[in-house]
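J.: Got a structure here, written out as structure tokens. Questions coming.
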Amino acid sequence: MDNDGFTFRRQLSAMARERLKFSGISEIIALVESNGALSFGAGEPPDEAFPRDAFRSAVERALSDGTIWAYYHDDLGDIDLRAWIAERMSRDDMAPDWVGPEDVVITHGAAGAISLAAEVLIDEGTVVLVEGPTYSDSLLTFRRQGAICVPVPTDDEGILPEELERTPQLKEARFLYTIPNFQNPSGCTASLERRLRVLDILRRHDVAIVEDDPYHYLGYDGPVPTSYLKLAGDDRRVIHCNTFSKIVAPGLRIGWAVVPPTLRDAFLALCICDGLGPALLLQRATLHLMRTLDFEKHVEALRREYRSRRDLMLRLAEERLTPLGLRTNRPKGGFFIWGQGPDDMRGFNSAVFARYAVRHEGIGLIPGNVFFPDGDDRGDKAFRLSYARIPRDCMEEGMDRLARAWRTYRAHRHEDKE
């Protein structure tokens, strides 16, 4: 035993030794905080978007209910909240007729839903198809379970069906993980035509779908296409993951999964093993909030605010970044803009640049390479910007800092160092 005490060298699991990896997003966020920098990194609502007074009243009402202090009556989550979710999804054309409260599982945010799906579906060596790029923390979740993540190329309309059909691992894949609306990180939205073609391909090859849809209600240029869950209908090959984090507050950690009946028992067993889900107090408070809130009015106010923020960031990017050879897309909703460096750029690493930008110019952004599996270099010239949380009156200064970081980094050829 060395001076650091017991090492757990022999006791450490293969998962902890070989599969765990720190989040690239968390690394940048921590670097931003330690440097007191502005940030385009955080993909979460600003404090002023939270319905604080309404939620405070909802908590007080939940606290007055004497039944919240005992163990849960249902291990899949509060049945009344599950009923509200099922009804809301049906009303908003997100769920087929078979979905009822018994098919909804309350989870620790959408991440908890994805984690449960990964535990149910993944063995070591399991092939999982993902969008290229895709959400980095979901990649880490799949990696933890031992999956081999295979990215499928995308464009502004989502997955390219012809590329999906040509994927060598398609026949052995267990599921496709997709963020169809205002994708994190690219901001793209899969068109209805693409969804139908992708669903047809997966049906023919016996592949399931894990649909991650946290930004569903945050569309700024019209309604979103029908969900994979609804499109699949009675086929029931879709696990739908969602959350209140983007429309209420991320600190709640209240999300849900819509689970096909054939998987309900497996999800139930995992919910019990994992500690019975989120606190019942928060589940009940969320239910009371949803019952009293004017949902459509609340969501429309969020859309107006984020639409304005998106438009401001796009204008600033056009003014500050485009002259430097940087390209950005125009998402129809969500929190993110996807940026790309010049095609002829050589030897550039977005992770190195992101660290440089924080330390030298005081601006945070998320490097594109964290959104691809290890060994895939397609994110080396890319980056993700979020307009959701940065104060509006700091956005121009932040964009100036980013442009300055790009110029100084390129001038000193830091891409050839570190």
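Going by the structure tokens order, chains are called A, B, ..., each with residues numbered from 1, while ligands are numbered from 1 in the order shown.
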How close does segment 219-333 of chain A get to segment 383-402 of chain A? List, as JSON lines, each residue of segment 219-333 of chain A within 7 Å, its nearest atom pair and the distance in Å to one decimal, counting only C-alpha atoms.

T.:
```
{"residue": "A:Tyr306", "atom": "CA", "partner": "A:Ala388", "partner_atom": "CA", "distance": 6.7}
{"residue": "A:Arg309", "atom": "CA", "partner": "A:Tyr387", "partner_atom": "CA", "distance": 6.0}
{"residue": "A:Arg310", "atom": "CA", "partner": "A:Tyr387", "partner_atom": "CA", "distance": 6.1}
{"residue": "A:Met313", "atom": "CA", "partner": "A:Tyr387", "partner_atom": "CA", "distance": 6.6}
{"residue": "A:Leu316", "atom": "CA", "partner": "A:Met399", "partner_atom": "CA", "distance": 6.7}
{"residue": "A:Arg320", "atom": "CA", "partner": "A:Asp400", "partner_atom": "CA", "distance": 6.8}
```

J.: With DSSP run on the backbone, what are the helix (DSSP H, G or I) residues within segment 44-257 of chain A? I'd like them as JSON, numbers by chain.

T.: {"A": [47, 48, 49, 52, 53, 54, 55, 56, 57, 58, 59, 60, 61, 62, 63, 66, 67, 68, 69, 79, 80, 81, 82, 83, 84, 85, 86, 87, 88, 89, 90, 91, 101, 102, 103, 109, 110, 111, 112, 113, 114, 115, 116, 117, 118, 119, 120, 121, 136, 137, 138, 139, 140, 141, 142, 143, 144, 161, 162, 163, 164, 165, 166, 170, 171, 172, 192, 193, 194, 195, 196, 197, 198, 199, 200, 201, 202, 203, 204, 228, 229, 230, 231, 232, 233, 234, 235, 250, 251, 252]}

J.: Fewer than 4 positions away in the same chain doesn't count, so skip those; otherwise give me all residues within 12 Å of Ile148 of chain A, counting only C-alpha atoms, as number ranges by chain.

T.: A: 19, 122-130, 139-144, 169, 172-176, 373-374

J.: Please report, as a ChimeraX atom specification, each residue of segment 328-377 of chain A to which DSSP assigns strand (DSSP E or B) when run on this structure's backbone.

T.: /A:328,333,336-340,363-364,366-367

J.: For atom CA of Asp234 of chain A and atom CA of Val258 of chain A, quote the distance in Å rounded to one decimal.

T.: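 Atom-to-atom, atom CA of Asp234 of chain A to atom CA of Val258 of chain A, that is 13.5 Å.
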
J.: Please list as number ranges by chain every residue within 12 Å of segment 355-361 of chain A, counting only C-alpha atoms and excluding residues in the same chain fewer than 6 positions away.

T.: A: 24-25, 27-41, 349, 367, 383, 397-410, 412-415, 417-418

J.: Give me, as a list of chain:residue names, all polymer residues having an atom no more than 6 Å from segment 276-283 of chain A, counting only C-alpha atoms and skipping those fewer than 6 positions away in the same chain.

T.: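 My reading of the contact set: A:Ile68, A:Asp75, A:Thr107, A:His108.
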
J.: Contacts of Cys188 of chain A at 9 Å or less, counting only C-alpha atoms, minus same-chain residues fewer than 4 places along, as a list in words?

T.: Thr154, Asp155, Asp156, Glu157, Gly158, Pro180, Asn181, Phe182, Gln183, Asn184, Asn329, Arg330, Pro331, Lys332, Gly333, Ile337 and Trp338 of chain A
